[in-house]
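Structure data (compact mmCIF, C-alpha atoms) from input05.txt:
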```txt
# COMPACT_ATOMS: atom_id res chain seq x y z
CA MET A 1 13.63 47.74 -0.05
CA SER A 2 17.28 47.76 -1.02
CA VAL A 3 18.53 46.47 -4.37
CA LYS A 4 20.22 43.57 -2.58
CA GLU A 5 16.98 42.59 -0.80
CA ARG A 6 15.02 42.80 -4.04
CA LYS A 7 17.55 40.60 -5.86
CA GLU A 8 17.49 38.06 -3.04
CA ARG A 9 13.69 37.97 -3.13
CA GLU A 10 13.70 37.56 -6.93
CA ARG A 11 16.28 34.78 -6.65
CA ALA A 12 14.17 32.96 -4.05
CA GLU A 13 11.08 33.34 -6.25
CA ARG A 14 12.96 31.92 -9.27
CA GLU A 15 14.14 28.99 -7.17
CA ARG A 16 10.56 28.27 -6.00
CA LEU A 17 9.41 28.49 -9.62
CA ILE A 18 12.07 26.01 -10.75
CA VAL A 19 11.15 23.53 -8.00
CA ALA A 20 7.39 23.91 -8.59
CA THR A 21 7.81 23.50 -12.34
CA ALA A 22 10.04 20.44 -11.95
CA ARG A 23 7.54 18.91 -9.58
CA GLU A 24 4.61 19.65 -11.88
CA LEU A 25 6.41 18.23 -14.90
CA ALA A 26 7.46 15.11 -12.96
CA GLU A 27 3.92 14.55 -11.69
CA GLN A 28 2.52 14.90 -15.24
CA GLN A 29 5.15 13.04 -17.27
CA GLY A 30 7.58 11.37 -14.86
CA TRP A 31 11.06 12.34 -13.78
CA ASP A 32 12.59 11.33 -17.13
CA ALA A 33 10.75 14.30 -18.66
CA VAL A 34 12.44 16.72 -16.27
CA THR A 35 15.51 18.12 -17.99
CA THR A 36 17.26 21.41 -17.41
CA ARG A 37 16.52 22.40 -20.99
CA ARG A 38 12.82 21.69 -20.65
CA LEU A 39 12.67 23.46 -17.27
CA ALA A 40 14.43 26.51 -18.69
CA GLU A 41 11.88 26.65 -21.51
CA ARG A 42 8.92 26.28 -19.16
CA ILE A 43 10.04 28.92 -16.68
CA GLU A 44 11.19 31.19 -19.50
CA TYR A 45 14.73 31.64 -18.21
CA SER A 46 17.96 30.52 -19.79
CA GLN A 47 19.71 27.33 -18.74
CA PRO A 48 22.57 29.34 -17.20
CA VAL A 49 20.03 31.04 -14.91
CA LEU A 50 18.70 27.63 -13.90
CA TYR A 51 22.27 26.43 -13.26
CA SER A 52 22.88 29.48 -11.07
CA HIS A 53 20.31 27.96 -8.67
CA PHE A 54 20.93 24.22 -9.08
CA ARG A 55 23.94 22.36 -10.43
CA GLY A 56 21.65 19.95 -12.21
CA LYS A 57 18.69 17.63 -12.04
CA ARG A 58 20.02 15.82 -8.96
CA GLU A 59 19.85 18.99 -6.86
CA ILE A 60 16.40 19.78 -8.21
CA ILE A 61 15.22 16.32 -7.16
CA GLY A 62 16.71 17.00 -3.73
CA ALA A 63 14.84 20.30 -3.47
CA VAL A 64 11.57 18.60 -4.41
CA ALA A 65 12.29 15.90 -1.83
CA LEU A 66 12.86 18.45 0.93
CA GLU A 67 9.65 20.28 0.04
CA GLY A 68 7.82 16.96 -0.04
CA ALA A 69 9.21 15.90 3.33
CA THR A 70 7.81 19.06 4.87
CA GLU A 71 4.42 18.39 3.30
CA MET A 72 4.43 14.75 4.35
CA ALA A 73 5.28 15.61 7.96
CA ALA A 74 2.42 18.11 8.04
CA ALA A 75 -0.02 15.58 6.54
CA LEU A 76 1.00 12.88 9.02
CA ARG A 77 0.70 15.20 12.00
CA ALA A 78 -2.67 16.51 10.84
CA ALA A 79 -4.01 12.98 10.43
CA THR A 80 -2.77 11.76 13.79
CA SER A 81 -3.82 14.85 15.73
CA ALA A 82 -7.41 14.35 14.61
CA SER A 83 -7.50 10.81 16.05
CA ASP A 84 -8.10 9.57 19.57
CA GLY A 85 -6.26 6.60 20.99
CA PRO A 86 -3.07 4.85 19.88
CA ARG A 87 -4.68 2.43 17.41
CA GLU A 88 -6.67 5.19 15.74
CA ARG A 89 -3.58 7.41 15.49
CA VAL A 90 -1.49 4.63 13.95
CA ALA A 91 -4.30 3.77 11.51
CA ALA A 92 -4.60 7.46 10.56
CA LEU A 93 -0.81 7.66 10.15
CA ALA A 94 -0.77 4.62 7.87
CA ARG A 95 -3.64 5.95 5.74
CA ALA A 96 -2.09 9.42 5.51
CA TYR A 97 1.29 7.99 4.51
CA LEU A 98 -0.19 5.74 1.82
CA ASP A 99 -2.44 8.55 0.58
CA PHE A 100 0.56 10.88 0.33
CA ALA A 101 2.48 8.28 -1.69
CA GLU A 102 -0.50 7.68 -3.98
CA HIS A 103 -1.37 11.33 -4.61
CA ASN A 104 2.21 12.64 -4.90
CA PRO A 105 4.08 9.94 -6.85
CA ALA A 106 6.83 12.18 -8.21
CA VAL A 107 7.47 13.71 -4.80
CA TYR A 108 7.45 10.25 -3.21
CA ASP A 109 9.98 9.09 -5.79
CA ALA A 110 12.14 12.16 -5.12
CA LEU A 111 12.03 11.34 -1.41
CA PHE A 112 12.64 7.61 -1.51
CA GLN A 113 13.56 6.29 -4.95
CA LEU A 114 15.74 8.83 -6.74
CA ASP A 115 19.16 10.25 -5.95
CA GLY A 116 18.63 13.82 -4.83
CA GLY A 117 22.05 14.05 -3.21
CA LEU A 118 20.55 14.08 0.29
CA ALA A 119 21.92 12.32 3.34
CA TYR A 120 19.50 9.97 5.10
CA ALA A 121 19.88 8.50 8.58
CA ARG A 122 23.04 10.48 9.30
CA GLU A 123 23.97 13.42 11.42
CA ASP A 124 24.00 15.72 8.38
CA THR A 125 20.51 14.70 7.26
CA PRO A 126 18.59 17.86 6.32
CA GLU A 127 16.01 19.01 8.87
CA PRO A 128 12.92 18.41 6.68
CA LEU A 129 13.88 14.73 6.35
CA LYS A 130 14.51 14.44 10.09
CA ASP A 131 11.18 16.09 10.76
CA ALA A 132 9.30 13.68 8.46
CA PHE A 133 10.81 10.77 10.38
CA ALA A 134 9.96 12.53 13.65
CA ALA A 135 6.32 12.75 12.53
CA LEU A 136 6.31 8.96 12.20
CA LEU A 137 8.19 8.45 15.47
CA GLU A 138 5.87 10.72 17.48
CA CYS A 139 2.95 8.45 16.72
CA LEU A 140 4.66 5.07 16.64
CA ALA A 141 6.76 5.44 19.80
CA GLU A 142 3.64 5.03 21.92
CA VAL A 143 2.93 1.59 20.43
CA ALA A 144 6.47 0.24 20.09
CA GLY A 145 6.10 -1.91 23.18
CA ASP A 146 8.20 -2.57 26.24
CA GLY A 147 11.86 -3.19 25.53
CA VAL A 148 11.53 -2.16 21.87
CA HIS A 149 13.56 0.83 20.73
CA PRO A 150 11.00 3.35 19.36
CA GLY A 151 13.30 4.49 16.53
CA LEU A 152 13.93 0.94 15.39
CA PHE A 153 10.22 0.11 15.57
CA THR A 154 9.45 3.23 13.54
CA GLU A 155 11.96 2.18 10.88
CA VAL A 156 10.36 -1.26 10.56
CA PHE A 157 6.82 0.14 10.41
CA TRP A 158 7.92 2.78 7.90
CA ALA A 159 9.58 0.08 5.78
CA ALA A 160 6.31 -1.85 5.76
CA LEU A 161 4.37 1.25 4.68
CA HIS A 162 6.97 2.02 2.01
CA GLY A 163 6.72 -1.54 0.71
CA LEU A 164 2.94 -1.30 0.52
CA ALA A 165 3.12 2.08 -1.22
CA THR A 166 5.74 0.95 -3.72
CA LEU A 167 4.17 -2.41 -4.54
CA THR A 168 0.72 -0.87 -4.88
CA ARG A 169 1.98 1.83 -7.26
CA ALA A 170 3.77 -0.80 -9.32
CA GLY A 171 0.52 -2.76 -9.70
CA ARG A 172 1.93 -5.73 -7.81
CA LEU A 173 -0.87 -5.74 -5.21
CA LEU A 174 -4.61 -5.82 -5.72
CA PRO A 175 -6.02 -2.34 -5.06
CA GLU A 176 -9.17 -3.70 -3.44
CA ASP A 177 -7.08 -5.25 -0.66
CA ALA A 178 -5.47 -1.96 0.39
CA GLN A 179 -7.55 -1.52 3.54
CA PRO A 180 -7.23 -5.16 4.73
CA ARG A 181 -3.45 -4.86 4.32
CA VAL A 182 -3.34 -1.81 6.59
CA GLU A 183 -5.56 -3.58 9.13
CA LEU A 184 -3.27 -6.62 9.08
CA LEU A 185 -0.23 -4.40 9.50
CA LEU A 186 -1.83 -2.69 12.48
CA GLU A 187 -2.91 -5.96 14.02
CA ARG A 188 0.36 -7.83 13.61
CA LEU A 189 3.01 -5.18 13.79
CA ALA A 190 1.81 -2.08 15.56
CA MET A 191 -0.65 -3.59 17.96
CA ALA A 192 1.00 -6.92 18.76
```
Show how you would write the structure in this file as structure tokens.
Amino acid sequence: MSVKERKERERAERERLIVATARELAEQQGWDAVTTRRLAERIEYSQPVLYSHFRGKREIIGAVALEGATEMAAALRAATSASDGPRERVAALARAYLDFAEHNPAVYDALFQLDGGLAYAREDTPEPLKDAFAALLECLAEVAGDGVHPGLFTEVFWAALHGLATLTRAGRLLPEDAQPRVELLLERLAMA
């Protein structure tokens, strides 16, 4: 291995360490606890080394969001591929989405609540974000209905899931009604 290849590998490993540490800290203590100083201490590198990878917290949030989008897409596809029939696939998609939001709150916030400097719903949207939307679209397009644009239907269904995830996390909805809410969503929106 050449010196250049070794340095590139070490740089990539440091970058993964920074992102993993930021994510871990955010999941444990919230994004307010994630500072470049604290990250530098935890990864045992100087702040200038951290800044050689990311210009600041905003870019770190963006990196966590991209990693999370990849994970979410995989979780959604795994859930829907294990289900038979359109209703079962949409129900599995909804459960997988809400489970992802519940079990990965800092990642979910990086994806949908915080400014990570990423472009959404534009031509220059990063591929992991496009792929996460595609994972929703693949399942929901089959139930959009005649004359309904599948992408638009997917956006509306996604917005409903996001609302449920956000309101549930904020304690604004009774947790015991989580399943009936999903059933109602499926009945009224996806299976109308």
Measuring atom to atom with only C-alpha atoms, identify which of A:Ser46, A:Thr166, A:Thr125, A:Thr154 is nearest to A:Phe100.
->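 Of all the options, A:Thr166 lies closest to A:Phe100.
Among the candidates A:Ala65, A:Leu17, A:Leu25, A:Met1, the one nearest to A:Tyr120 when counting all atoms listed in the file is A:Ala65.
Point (7.7, 19.5, -16.7) has the following residues at most 9 Å away: Thr21, Ala22, Arg23, Glu24, Leu25, Ala26, Glu27, Gln28, Gln29, Gly30, Trp31, Ala33, Val34, Thr35, Arg38, Leu39 and Arg42 of chain A (atoms considered: all atoms listed in the file).
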Could you please determine the separation between atom CA of A:Arg87 and atom CA of A:Ala74 in Å, to one decimal place?
->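 For atom CA of A:Arg87 relative to atom CA of A:Ala74, the distance reads 19.6 Å.
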Can you pull out every residue within 9 Å of A:Ala132, counting all atoms listed in the file, but drop anything in the same chain fewer than 5 positions away, and send it as a list in words?
->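 Non-adjacent residues within range: Ala69, Thr70, Glu71, Met72, Ala73, Ala74, Leu76, Glu127 and Leu137 of chain A.
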What is the distance between atom CA of A:Ala75 and atom CA of A:Tyr97, in Å to one decimal?
->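 Atom CA of A:Tyr97 lies at a distance of 8.0 Å from atom CA of A:Ala75.
Note that the spacing between atom CA of A:Arg37 and atom CA of A:Arg169 amounts to 28.7 Å.
Comparing the minimum interatomic distances between A:Asp131 and each of A:Val19, A:Leu66, A:Leu189, A:Val182, counting all atoms listed in the file, we find that A:Leu66 sits nearest.
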Which of these residues is nearest to A:His53, using all atoms listed in the file: A:Arg14, A:Gly147, A:Glu67, A:Ala20?
->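 Using all atoms listed in the file, the shortest distance to A:His53 belongs to A:Arg14.
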Return the single residue from A:Cys139, A:Phe54, A:Arg95, A:Val3 that is closest to A:Pro180, with distances computed using all atoms listed in the file.
->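 Counting all atoms listed in the file, the residue closest to A:Pro180 is A:Arg95.
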Considering only C-alpha atoms, state which residue in the set A:Arg172, A:His103, A:Lys57, A:Arg89 is at the smallest distance from A:Asp115.
->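 Using only C-alpha atoms, A:Asp115 sits closest to A:Lys57.
The protein and nucleic acid residues lying at most 8 Å from A:Leu164 are A:Leu98, A:Ala160, A:Thr168, with only C-alpha atoms considered and sequence neighbours fewer than 4 positions away removed.
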